[in-house]
file run16.cif (mmCIF, C-alpha atoms)
data_work
loop_
_atom_site.label_atom_id
_atom_site.label_comp_id
_atom_site.auth_asym_id
_atom_site.auth_seq_id
_atom_site.Cartn_x
_atom_site.Cartn_y
_atom_site.Cartn_z
CA MET A 133 61.23 -200.33 -0.83
CA LEU A 134 64.12 -198.41 0.74
CA ALA A 135 65.47 -197.57 -2.68
CA ALA A 136 62.05 -196.35 -3.78
CA ALA A 137 61.66 -194.21 -0.65
CA LEU A 138 65.12 -192.75 -1.16
CA ALA A 139 64.27 -191.94 -4.75
CA VAL A 140 61.14 -190.09 -3.64
CA LEU A 141 63.07 -188.09 -1.05
CA LEU A 142 65.74 -187.17 -3.58
CA THR A 143 63.09 -186.11 -6.07
CA VAL A 144 61.40 -183.88 -3.47
CA GLY A 145 64.78 -182.39 -2.51
CA VAL A 146 65.66 -181.62 -6.12
CA SER A 147 62.19 -180.18 -6.68
CA ARG A 148 62.53 -177.79 -3.72
CA ALA A 149 66.06 -176.80 -4.73
CA GLN A 150 64.78 -175.94 -8.19
CA GLU A 151 61.75 -173.94 -7.02
CA ALA A 152 61.60 -170.55 -8.71
CA PRO A 153 62.85 -167.67 -6.60
CA VAL A 154 60.55 -164.93 -5.37
CA ASP A 155 61.51 -161.95 -7.51
CA VAL A 156 61.90 -158.46 -6.05
CA TYR A 157 63.23 -155.49 -7.99
CA ALA A 158 65.45 -152.78 -6.51
CA VAL A 159 65.71 -149.46 -8.37
CA LEU A 160 68.74 -147.73 -6.86
CA PRO A 161 70.97 -144.72 -7.69
CA LEU A 162 74.18 -146.65 -8.35
CA THR A 163 75.61 -143.85 -10.48
CA GLY A 164 75.09 -140.09 -10.63
CA PHE A 165 75.31 -137.73 -7.66
CA GLY A 166 73.53 -140.24 -5.41
CA ALA A 167 76.00 -143.07 -5.99
CA PHE A 168 77.33 -142.95 -2.41
CA PHE A 169 73.88 -143.74 -1.12
CA GLY A 170 73.04 -146.14 -3.94
CA LYS A 171 76.08 -148.35 -3.45
CA ALA A 172 75.39 -148.61 0.27
CA THR A 173 71.78 -149.59 -0.39
CA GLN A 174 73.00 -152.16 -2.91
CA GLN A 175 75.19 -153.77 -0.23
CA SER A 176 72.22 -153.76 2.14
CA VAL A 177 69.99 -155.43 -0.46
CA GLN A 178 72.58 -158.15 -1.01
CA ALA A 179 73.07 -158.71 2.73
CA LEU A 180 69.32 -158.95 3.37
CA GLU A 181 68.89 -161.37 0.46
CA ALA A 182 71.59 -163.64 1.90
CA LEU A 183 70.13 -163.45 5.42
CA THR A 184 66.61 -164.20 4.21
CA ASN A 185 67.73 -167.24 2.24
CA ARG A 186 69.83 -168.52 5.16
CA THR A 187 66.75 -168.37 7.38
CA GLY A 188 64.29 -170.26 5.18
CA GLY A 189 63.61 -167.87 2.34
CA ILE A 190 59.96 -167.26 1.57
CA ARG A 191 58.22 -170.45 2.69
CA GLY A 192 61.14 -172.47 1.41
CA ARG A 193 61.64 -170.51 -1.80
CA PRO A 194 64.70 -168.28 -2.21
CA ILE A 195 64.25 -164.55 -2.64
CA LYS A 196 66.05 -162.86 -5.50
CA PHE A 197 66.61 -159.09 -5.76
CA THR A 198 67.20 -157.78 -9.28
CA ILE A 199 69.07 -154.49 -8.92
CA LEU A 200 68.61 -151.76 -11.56
CA ASP A 201 70.45 -148.43 -11.76
CA ASP A 202 68.31 -145.32 -12.25
CA GLU A 203 71.48 -143.16 -12.41
CA THR A 204 69.88 -140.76 -9.86
CA ASN A 205 67.68 -139.61 -12.73
CA PRO A 206 63.86 -139.42 -12.45
CA GLN A 207 63.37 -139.98 -16.17
CA ILE A 208 65.38 -143.20 -16.09
CA ALA A 209 63.50 -144.29 -12.97
CA VAL A 210 60.24 -143.94 -14.91
CA GLN A 211 61.64 -146.02 -17.76
CA LEU A 212 62.69 -148.76 -15.35
CA PHE A 213 59.29 -148.80 -13.64
CA ASN A 214 57.55 -149.10 -16.98
CA GLN A 215 59.74 -152.10 -17.78
CA ILE A 216 59.04 -153.69 -14.39
CA ILE A 217 55.28 -153.17 -14.78
CA ALA A 218 55.39 -154.66 -18.29
CA LYS A 219 57.10 -157.75 -16.86
CA GLY A 220 54.45 -158.11 -14.16
CA GLY A 221 56.75 -157.19 -11.28
CA THR A 222 55.03 -157.16 -7.90
CA ILE A 223 57.56 -155.50 -5.56
CA VAL A 224 60.11 -152.70 -5.95
CA ILE A 225 62.58 -151.43 -3.34
CA GLY A 226 63.47 -147.83 -4.24
CA PRO A 227 63.99 -145.38 -5.81
CA GLY A 228 66.35 -143.60 -3.48
CA PHE A 229 65.40 -139.93 -3.96
CA ALA A 230 62.22 -137.89 -3.75
CA ALA A 231 62.25 -136.72 -7.36
CA SER A 232 62.51 -140.27 -8.69
CA CYS A 233 59.87 -141.58 -6.27
CA GLY A 234 57.54 -138.74 -7.24
CA SER A 235 58.00 -139.49 -10.93
CA ALA A 236 57.26 -143.18 -10.41
CA LEU A 237 54.23 -142.71 -8.14
CA PRO A 238 51.66 -141.95 -10.90
CA LEU A 239 52.52 -145.28 -12.55
CA LEU A 240 51.46 -147.33 -9.52
CA THR A 241 47.71 -147.45 -10.11
CA ASN A 242 47.64 -151.23 -9.58
CA GLY A 243 51.09 -151.82 -8.17
CA PRO A 244 53.81 -152.84 -7.95
CA LEU A 245 54.16 -152.42 -4.20
CA THR A 246 56.96 -149.84 -4.00
CA TYR A 247 59.08 -148.91 -0.99
CA CYS A 248 60.61 -145.48 -1.66
CA LEU A 249 63.85 -144.85 0.26
CA SER A 250 63.48 -141.07 0.55
CA PRO A 251 62.20 -139.22 3.64
CA GLY A 252 61.14 -136.43 1.28
CA THR A 253 58.40 -138.55 -0.27
CA HIS A 254 54.93 -138.44 1.27
CA PRO A 255 52.75 -141.17 -0.28
CA THR A 256 48.98 -140.97 -0.01
CA ALA A 257 47.45 -143.32 2.55
CA GLY A 258 46.24 -146.48 0.85
CA SER A 259 48.52 -146.09 -2.17
CA TYR A 260 50.96 -148.70 -3.44
CA MET A 261 53.96 -146.64 -2.33
CA PHE A 262 55.40 -146.79 1.17
CA ALA A 263 58.28 -144.64 2.41
CA ALA A 264 61.29 -145.70 4.46
CA ASP A 265 62.76 -143.56 7.23
CA ALA A 266 61.01 -140.83 9.19
CA ALA A 267 59.48 -138.01 7.15
CA THR A 268 61.43 -134.82 6.46
CA ILE A 269 59.17 -132.87 8.84
CA ASP A 270 60.28 -135.23 11.64
CA LEU A 271 63.97 -135.25 10.68
CA TRP A 272 64.12 -131.45 10.47
CA GLY A 273 61.89 -131.15 13.53
CA ALA A 274 64.53 -133.09 15.46
CA GLN A 275 67.17 -130.63 14.21
CA PHE A 276 65.12 -127.62 15.37
CA ARG A 277 64.58 -129.28 18.76
CA PHE A 278 68.32 -129.96 19.11
CA ALA A 279 69.16 -126.38 18.07
CA ARG A 280 66.75 -124.91 20.65
CA GLN A 281 68.24 -127.04 23.40
CA ARG A 282 71.72 -125.70 22.65
CA GLY A 283 70.78 -122.08 22.06
CA TRP A 284 71.60 -122.14 18.35
CA THR A 285 68.88 -119.73 17.37
CA ARG A 286 70.41 -118.04 14.31
CA ILE A 287 70.04 -120.63 11.58
CA ALA A 288 71.17 -120.47 7.95
CA THR A 289 70.10 -122.98 5.31
CA ILE A 290 71.43 -124.05 1.94
CA LEU A 291 69.25 -126.39 -0.11
CA THR A 292 69.22 -127.80 -3.61
CA SER A 293 66.69 -126.36 -6.05
CA ASP A 294 65.24 -129.76 -6.99
CA ALA A 295 62.14 -131.55 -5.60
CA SER A 296 63.98 -132.64 -2.46
CA GLY A 297 65.14 -129.11 -1.67
CA GLN A 298 61.68 -127.68 -2.32
CA ASP A 299 60.14 -130.24 0.02
CA ILE A 300 62.62 -129.33 2.77
CA ALA A 301 61.89 -125.63 2.28
CA ARG A 302 58.19 -126.29 2.90
CA GLN A 303 58.99 -128.25 6.06
CA LEU A 304 61.23 -125.41 7.31
CA ASP A 305 58.40 -122.91 6.86
CA ALA A 306 56.03 -125.15 8.81
CA LEU A 307 58.55 -125.72 11.61
CA ALA A 308 59.51 -122.05 11.89
CA ALA A 309 55.84 -121.21 12.41
CA LEU A 310 55.47 -123.48 15.45
CA PRO A 311 55.21 -121.70 18.84
CA GLU A 312 58.06 -123.74 20.33
CA ASN A 313 60.39 -122.40 17.63
CA LYS A 314 59.62 -118.69 18.13
CA SER A 315 63.18 -118.09 19.38
CA ILE A 316 64.69 -119.37 16.12
CA GLN A 317 65.55 -117.00 13.27
CA LEU A 318 66.23 -118.17 9.72
CA VAL A 319 68.87 -115.55 9.01
CA SER A 320 69.87 -116.70 5.51
CA ARG A 321 68.17 -119.10 3.08
CA GLN A 322 70.26 -120.06 0.06
CA THR A 323 69.73 -122.48 -2.85
CA PHE A 324 71.91 -123.96 -5.58
CA ASN A 325 71.56 -126.29 -8.55
CA LEU A 326 72.67 -129.92 -8.41
CA GLY A 327 75.18 -129.35 -11.20
CA ASP A 328 76.84 -126.31 -9.62
CA LEU A 329 80.53 -126.80 -8.87
CA SER A 330 80.79 -123.89 -6.45
CA VAL A 331 78.58 -122.23 -3.82
CA SER A 332 81.06 -119.51 -2.86
CA ALA A 333 78.56 -116.68 -3.33
CA GLN A 334 75.92 -118.42 -1.24
CA MET A 335 78.41 -119.19 1.52
CA ALA A 336 79.64 -115.60 1.60
CA ASN A 337 76.04 -114.46 2.14
CA ILE A 338 75.57 -117.03 4.88
CA LYS A 339 78.74 -116.01 6.69
CA SER A 340 77.75 -112.35 6.61
CA ALA A 341 74.47 -113.27 8.37
CA ASN A 342 76.49 -114.53 11.38
CA PRO A 343 74.60 -117.83 11.91
CA THR A 344 75.14 -120.17 14.85
CA LEU A 345 74.06 -123.26 12.88
CA LEU A 346 73.98 -124.29 9.21
CA LEU A 347 71.29 -126.66 7.95
CA THR A 348 72.05 -128.32 4.63
CA GLY A 349 69.93 -130.39 2.28
CA ALA A 350 72.08 -132.15 -0.30
CA THR A 351 73.49 -135.61 -0.89
CA GLY A 352 76.68 -137.00 -2.37
CA GLY A 353 78.66 -134.69 -4.64
CA PRO A 354 76.47 -131.60 -4.02
CA PHE A 355 76.94 -132.07 -0.27
CA GLY A 356 80.70 -132.10 -0.86
CA THR A 357 80.30 -128.83 -2.77
CA ILE A 358 78.60 -127.29 0.28
CA LEU A 359 81.34 -128.45 2.64
CA ARG A 360 84.10 -127.10 0.40
CA GLY A 361 82.28 -123.78 0.09
CA ALA A 362 81.89 -123.43 3.85
CA HIS A 363 85.55 -124.33 4.40
CA ASP A 364 86.79 -121.91 1.75
CA VAL A 365 84.99 -118.89 3.26
CA GLY A 366 85.97 -119.84 6.81
CA LEU A 367 82.46 -120.57 8.06
CA ASP A 368 83.06 -122.38 11.35
CA VAL A 369 79.67 -123.34 12.84
CA PRO A 370 77.99 -126.69 13.55
CA VAL A 371 76.48 -128.22 10.42
CA PHE A 372 73.42 -130.45 10.18
CA ALA A 373 73.61 -132.64 7.07
CA SER A 374 71.16 -134.90 5.31
CA SER A 375 71.39 -138.34 6.90
CA THR A 376 71.68 -139.82 3.42
CA ASN A 377 75.34 -138.77 3.63
CA MET A 378 76.02 -140.99 6.64
CA THR A 379 78.55 -143.30 5.03
CA PRO A 380 82.06 -143.71 6.49
CA GLU A 381 83.53 -143.73 2.96
CA GLN A 382 82.01 -140.34 2.24
CA MET A 383 83.32 -138.92 5.51
CA SER A 384 86.80 -140.16 4.57
CA GLN A 385 86.62 -138.51 1.16
CA TYR A 386 85.60 -135.16 2.66
CA ALA A 387 87.95 -135.38 5.66
CA SER A 388 90.08 -132.37 4.73
CA TYR A 389 87.16 -129.93 4.84
CA LEU A 390 84.69 -131.46 7.31
CA PRO A 391 83.39 -129.04 9.97
CA HIS A 392 84.29 -129.60 13.62
CA ASP A 393 80.69 -130.51 14.43
CA LEU A 394 78.97 -132.47 11.66
CA LEU A 395 75.54 -133.60 12.83
CA PHE A 396 72.80 -135.82 11.43
CA ALA A 397 69.20 -136.46 12.49
CA ASN A 398 68.20 -140.01 11.71
CA PRO A 399 66.21 -142.90 13.21
CA ARG A 400 68.11 -145.18 15.55
CA GLY A 401 69.91 -148.12 13.99
CA VAL A 402 73.13 -146.63 12.65
CA ILE A 403 74.92 -147.88 15.78
CA PHE A 404 74.05 -150.84 17.99
CA GLU A 405 72.08 -149.95 21.13
CA PRO A 406 72.63 -152.40 24.00
CA ALA A 407 69.96 -150.63 26.06
CA ALA A 408 67.26 -150.74 23.36
CA PRO A 409 64.10 -152.82 23.97
CA LYS A 410 64.80 -156.48 23.23
CA PRO A 411 62.90 -156.78 19.91
CA ILE A 412 64.71 -153.73 18.52
CA ARG A 413 68.03 -154.89 19.96
CA ASP A 414 67.56 -158.31 18.34
CA ALA A 415 66.82 -156.70 14.98
CA GLN A 416 69.92 -154.53 15.26
CA ARG A 417 72.08 -157.50 16.22
CA ALA A 418 70.89 -159.42 13.14
CA PHE A 419 71.64 -156.37 10.99
CA PHE A 420 75.19 -155.86 12.23
CA ASP A 421 75.90 -159.60 12.18
CA ALA A 422 74.84 -159.69 8.52
CA PHE A 423 77.53 -157.13 7.65
CA ARG A 424 80.25 -158.36 9.98
CA SER A 425 81.05 -161.31 7.74
CA THR A 426 81.24 -159.07 4.65
CA GLY A 427 83.76 -156.62 6.10
CA VAL A 428 81.42 -153.70 5.34
CA HIS A 429 81.11 -150.94 7.95
CA PRO A 430 77.39 -150.11 7.67
CA GLY A 431 76.16 -146.54 7.71
CA GLN A 432 72.83 -144.82 7.14
CA GLY A 433 72.78 -145.84 3.50
CA HIS A 434 72.71 -149.43 4.72
CA THR A 435 70.12 -148.87 7.44
CA ILE A 436 67.50 -146.95 5.49
CA PRO A 437 66.45 -149.84 3.19
CA TRP A 438 66.92 -152.59 5.79
CA ASP A 439 63.64 -152.31 7.69
CA ALA A 440 61.77 -151.66 4.44
CA MET A 441 63.08 -154.91 2.97
CA ALA A 442 62.55 -156.81 6.23
CA ILE A 443 58.92 -155.64 6.29
CA VAL A 444 58.45 -156.84 2.71
CA VAL A 445 60.00 -160.22 3.59
CA ASP A 446 57.70 -160.47 6.61
CA ALA A 447 54.70 -159.70 4.39
CA LEU A 448 55.72 -162.34 1.84
CA ARG A 449 56.22 -164.95 4.53
CA HIS A 450 52.77 -164.27 5.98
CA VAL A 451 50.73 -163.69 2.83
CA GLY A 452 52.67 -166.09 0.62
CA PRO A 453 55.28 -165.93 -2.16
CA ASN A 454 52.61 -165.44 -4.84
CA ALA A 455 50.90 -162.57 -3.06
CA THR A 456 49.56 -159.74 -5.17
CA ALA A 457 50.65 -156.15 -4.71
CA ALA A 458 47.25 -155.36 -3.16
CA GLN A 459 47.58 -158.19 -0.62
CA LEU A 460 51.07 -157.05 0.38
CA ARG A 461 49.96 -153.42 0.65
CA ASP A 462 47.04 -154.33 2.89
CA TYR A 463 49.22 -156.53 5.13
CA ILE A 464 51.82 -153.82 5.67
CA ALA A 465 49.16 -151.14 6.22
CA GLY A 466 47.83 -153.19 9.15
CA LEU A 467 51.15 -153.68 10.95
CA ASP A 468 51.66 -152.22 14.40
CA HIS A 469 54.28 -152.86 17.09
CA TRP A 470 56.62 -154.19 14.37
CA ALA A 471 60.20 -153.97 15.70
CA GLY A 472 63.01 -153.06 13.33
CA ILE A 473 66.49 -151.63 13.64
CA ASN A 474 65.11 -148.06 13.51
CA GLY A 475 62.52 -148.55 16.22
CA GLU A 476 58.93 -149.72 16.51
CA TYR A 477 56.67 -149.30 13.48
CA ASP A 478 52.94 -148.57 13.62
CA PHE A 479 51.39 -148.19 10.18
CA ARG A 480 47.94 -147.68 11.67
CA LYS A 481 49.18 -144.56 13.44
CA ILE A 482 51.54 -143.33 10.70
CA PRO A 483 50.21 -144.59 7.33
CA GLN A 484 52.67 -145.55 4.57
CA ARG A 485 55.68 -144.93 6.83
CA GLY A 486 55.23 -146.45 10.28
CA ILE A 487 57.76 -144.32 12.21
CA GLY A 488 58.04 -140.65 13.09
CA LEU A 489 59.72 -138.10 15.34
CA ASP A 490 59.91 -140.45 18.34
CA SER A 491 62.34 -142.67 16.43
CA VAL A 492 64.78 -139.85 15.52
CA VAL A 493 68.06 -139.24 17.36
CA VAL A 494 70.97 -136.90 16.63
CA TYR A 495 74.33 -138.35 15.58
CA ARG A 496 77.72 -136.67 15.42
CA TRP A 497 80.56 -137.84 13.18
CA ASP A 498 83.55 -138.64 15.39
CA ALA A 499 86.62 -138.56 13.16
CA ALA A 500 88.86 -140.01 15.89
CA LYS A 501 86.62 -143.07 16.23
CA ASN A 502 85.82 -143.17 12.51
CA ASP A 503 82.21 -143.69 13.53
CA TYR A 504 79.01 -141.96 14.59
CA VAL A 505 78.03 -141.27 18.19
CA VAL A 506 74.55 -140.45 19.51
CA LEU A 507 74.24 -137.11 21.29
CA PRO A 508 71.82 -136.82 24.22
CA ASN A 509 68.86 -134.47 24.29
CA ARG A 510 69.02 -131.79 26.98
#
call {"tool": "encode", "arguments": {"input": "run16.cif", "output": "structure tokens"}}
result
Amino acid sequence: MLAAALAVLLTVGVSRAQEAPVDVYAVLPLTGFGAFFGKATQQSVQALEALTNRTGGIRGRPIKFTILDDETNPQIAVQLFNQIIAKGGTIVIGPGFAASCGSALPLLTNGPLTYCLSPGTHPTAGSYMFAADAATIDLWGAQFRFARQRGWTRIATILTSDASGQDIARQLDALAALPENKSIQLVSRQTFNLGDLSVSAQMANIKSANPTLLLTGATGGPFGTILRGAHDVGLDVPVFASSTNMTPEQMSQYASYLPHDLLFANPRGVIFEPAAPKPIRDAQRAFFDAFRSTGVHPGQGHTIPWDAMAIVVDALRHVGPNATAAQLRDYIAGLDHWAGINGEYDFRKIPQRGIGLDSVVVYRWDAAKNDYVVLPNR
């Protein structure tokens, strides 16, 4: 009888060990101009997968992320989504940029549930696409607020000419029209193409406008082009950069031409906050613990997908590993008071995104500490 009981237990154990994993796709920019961001998100995906499986998986089943490279190219992103849909995929983390998310969105008539990693994407309420991070209007709104507080009222901008840059330009127009920003002047507005190797002409125009602050909207290699251009013409003003560039490796690569004050507006979570409310502090501790054992110094590229993936894992654990895209969408759309590393999410209040301006803080890159520090509001 003991032998028979042992045989049954062993059979059950083997059966559970062999249960099929819960498949999740991740479409990330591992190559192309967004590779800095893509490689960080890849590390975050791998860390979250390991943490989820260490803590019970999805009702006892392991989760498995299949990572695909869209090469920071919207056309390739569409090809990958078509392949995922043909295979019956239910969940996708990514893409990482607004243009790729926008290209994929029309394909999502019946799923898969997709969590875009770009603040420049604005999915329609009730759609199958959610967006990580605060929206661009909130990120840039935090920059305007910070500039007002410090008297930086002559602002120049340099943006890319792609979908992301066009979205930011629309947000700038809306923000500049607000009564609280009447003291701010946009003294020079420049654009450049992603493939341009120099922005010397644009930077010369900006310098001649005598700005007190430069707002930039580019990621990876194009952001490096902006920094080199500003350095070469001797433009020495504080610079707000896209938070997608918040990776220590990228800061190291650009060290010789970084401005004295390099600032980022981003939701909390890039650094641990001992004074944060306990649920948020606990989420941040789990995040940093997950990377401590890997030797990776996490930056914004690691934080931006983390809550998105954790929300998906939470949905799978509640609805079940065989949940449909519609069931997962409806569960996430009903979440409120959900605590993550970036703050508290309320999808009833902010559909498809969950967080807004209240979650955004301003960081400064501290080269001496090789880390980011949060700057107080005045």
call {"tool": "axis_aligned_box", "arguments": {"input": "run16.cif", "around": "stretch 255-258 of chain A", "padding_each_side": "6 Å", "output": "AutoDock Vina command-line options"}}
result
--center_x 49.5 --center_y -143.7 --center_z 1.1 --size_x 18.5 --size_y 17.5 --size_z 14.8
call {"tool": "residues_around", "arguments": {"input": "run16.cif", "residues": "A:Ala231", "least_positions_apart": "5", "cutoff": "8 Å", "atoms": "all atoms listed in the file", "output": "list in words"}}
result
Pro206, Asp294, Ala295 and Ser296 of chain A
call {"tool": "closest_residue", "arguments": {"input": "run16.cif", "among": "A:Ala362, A:Ala218, A:Ala263, A:Leu245", "to": "A:Pro483", "atoms": "all atoms listed in the file"}}
result
A:Ala263
call {"tool": "residues_near_point", "arguments": {"input": "run16.cif", "point": "(83.5, -137.4, -1.8)", "cutoff": "7 Å", "atoms": "all atoms listed in the file", "output": "number ranges by chain"}}
result
A: 352-353, 356, 382, 385-386
call {"tool": "write_last_selection", "arguments": {"input": "run16.cif", "atoms": "C-alpha atoms", "output": "mmCIF file, keeping the file's coordinate frame"}}
result
data_model
loop_
_atom_site.group_PDB
_atom_site.id
_atom_site.type_symbol
_atom_site.label_atom_id
_atom_site.label_comp_id
_atom_site.auth_asym_id
_atom_site.auth_seq_id
_atom_site.Cartn_x
_atom_site.Cartn_y
_atom_site.Cartn_z
ATOM 1 C CA GLY A 352 76.680 -137.000 -2.370
ATOM 2 C CA GLY A 353 78.660 -134.690 -4.640
ATOM 3 C CA GLY A 356 80.700 -132.100 -0.860
ATOM 4 C CA GLN A 382 82.010 -140.340 2.240
ATOM 5 C CA GLN A 385 86.620 -138.510 1.160
ATOM 6 C CA TYR A 386 85.600 -135.160 2.660
#
call {"tool": "closest_residue", "arguments": {"input": "run16.cif", "among": "A:Ala387, A:Leu489, A:Val402, A:Leu162", "to": "A:Phe276", "atoms": "only C-alpha atoms"}}
result
A:Leu489
call {"tool": "atom_distance", "arguments": {"input": "run16.cif", "atom1": "atom CA of A:Asn342", "atom2": "atom CA of A:Gln317"}}
result
11.4 Å
call {"tool": "residues_around", "arguments": {"input": "run16.cif", "residues": "stretch 468-470 of chain A", "least_positions_apart": "3", "cutoff": "7 Å", "atoms": "only C-alpha atoms", "output": "PDB file with C-alpha atoms, in the coordinates of the input"}}
result
ATOM      1  CA  GLU A 476      58.930-149.720  16.510  1.00  0.00           C
ATOM      2  CA  TYR A 477      56.670-149.300  13.480  1.00  0.00           C
ATOM      3  CA  ASP A 478      52.940-148.570  13.620  1.00  0.00           C
ATOM      4  CA  PHE A 479      51.390-148.190  10.180  1.00  0.00           C
ATOM      5  CA  ARG A 480      47.940-147.680  11.670  1.00  0.00           C
TER       6      ARG A 480
END
call {"tool": "resolve_selection", "arguments": {"input": "run16.cif", "expression": "the PyMOL selection byres ((chain A and resi 459) around 12)", "output": "list in words"}}
result
Thr222, Ile223, Asn242, Gly243, Pro244, Leu245, Gly258, Tyr260, Val444, Ala447, Leu448, His450, Val451, Gly452, Pro453, Asn454, Ala455, Thr456, Ala457, Ala458, Leu460, Arg461, Asp462, Tyr463, Ile464, Ala465 and Gly466 of chain A
call {"tool": "closest_residue", "arguments": {"input": "run16.cif", "among": "A:Phe213, A:Phe324, A:Tyr389, A:Phe197", "to": "A:Ala179", "atoms": "all atoms listed in the file"}}
result
A:Phe197
call {"tool": "atom_distance", "arguments": {"input": "run16.cif", "atom1": "atom CA of A:Asp393", "atom2": "atom CA of A:Ala279"}}
result
12.8 Å
call {"tool": "atom_distance", "arguments": {"input": "run16.cif", "atom1": "atom CA of A:Asp299", "atom2": "atom CA of A:Ala471"}}
result
28.4 Å
call {"tool": "residues_around", "arguments": {"input": "run16.cif", "residues": "A:Pro406", "least_positions_apart": "4", "cutoff": "10 Å", "atoms": "only C-alpha atoms", "output": "ChimeraX atom specification"}}
result
/A:410,412-414,416-417
call {"tool": "residues_near_point", "arguments": {"input": "run16.cif", "point": "(69.7, -150.2, -10.0)", "cutoff": "10 Å", "atoms": "only C-alpha atoms", "output": "list in words"}}
result
Tyr157, Ala158, Val159, Leu160, Pro161, Leu162, Thr163, Gly170, Lys171, Thr173, Gln174, Thr198, Ile199, Leu200, Asp201, Asp202, Glu203, Thr204, Ala209, Leu212, Ile225, Gly226, Pro227 and Gly228 of chain A
call {"tool": "write_last_selection", "arguments": {"input": "run16.cif", "atoms": "C-alpha atoms", "output": "PDB file, in the frame of the given file"}}
result
ATOM      1  CA  TYR A 157      63.230-155.490  -7.990  1.00  0.00           C
ATOM      2  CA  ALA A 158      65.450-152.780  -6.510  1.00  0.00           C
ATOM      3  CA  VAL A 159      65.710-149.460  -8.370  1.00  0.00           C
ATOM      4  CA  LEU A 160      68.740-147.730  -6.860  1.00  0.00           C
ATOM      5  CA  PRO A 161      70.970-144.720  -7.690  1.00  0.00           C
ATOM      6  CA  LEU A 162      74.180-146.650  -8.350  1.00  0.00           C
ATOM      7  CA  THR A 163      75.610-143.850 -10.480  1.00  0.00           C
ATOM      8  CA  GLY A 170      73.040-146.140  -3.940  1.00  0.00           C
ATOM      9  CA  LYS A 171      76.080-148.350  -3.450  1.00  0.00           C
ATOM     10  CA  THR A 173      71.780-149.590  -0.390  1.00  0.00           C
ATOM     11  CA  GLN A 174      73.000-152.160  -2.910  1.00  0.00           C
ATOM     12  CA  THR A 198      67.200-157.780  -9.280  1.00  0.00           C
ATOM     13  CA  ILE A 199      69.070-154.490  -8.920  1.00  0.00           C
ATOM     14  CA  LEU A 200      68.610-151.760 -11.560  1.00  0.00           C
ATOM     15  CA  ASP A 201      70.450-148.430 -11.760  1.00  0.00           C
ATOM     16  CA  ASP A 202      68.310-145.320 -12.250  1.00  0.00           C
ATOM     17  CA  GLU A 203      71.480-143.160 -12.410  1.00  0.00           C
ATOM     18  CA  THR A 204      69.880-140.760  -9.860  1.00  0.00           C
ATOM     19  CA  ALA A 209      63.500-144.290 -12.970  1.00  0.00           C
ATOM     20  CA  LEU A 212      62.690-148.760 -15.350  1.00  0.00           C
ATOM     21  CA  ILE A 225      62.580-151.430  -3.340  1.00  0.00           C
ATOM     22  CA  GLY A 226      63.470-147.830  -4.240  1.00  0.00           C
ATOM     23  CA  PRO A 227      63.990-145.380  -5.810  1.00  0.00           C
ATOM     24  CA  GLY A 228      66.350-143.600  -3.480  1.00  0.00           C
TER      25      GLY A 228
END
call {"tool": "residues_around", "arguments": {"input": "run16.cif", "residues": "A:Ala442", "least_positions_apart": "6", "cutoff": "9 Å", "atoms": "only C-alpha atoms", "output": "compact mmCIF listing (two decimals) with C-alpha atoms, in the frame of the given file"}}
result
# COMPACT_ATOMS: atom_id res chain seq x y z
CA LEU A 180 69.32 -158.95 3.37
CA THR A 184 66.61 -164.20 4.21
CA GLY A 472 63.01 -153.06 13.33
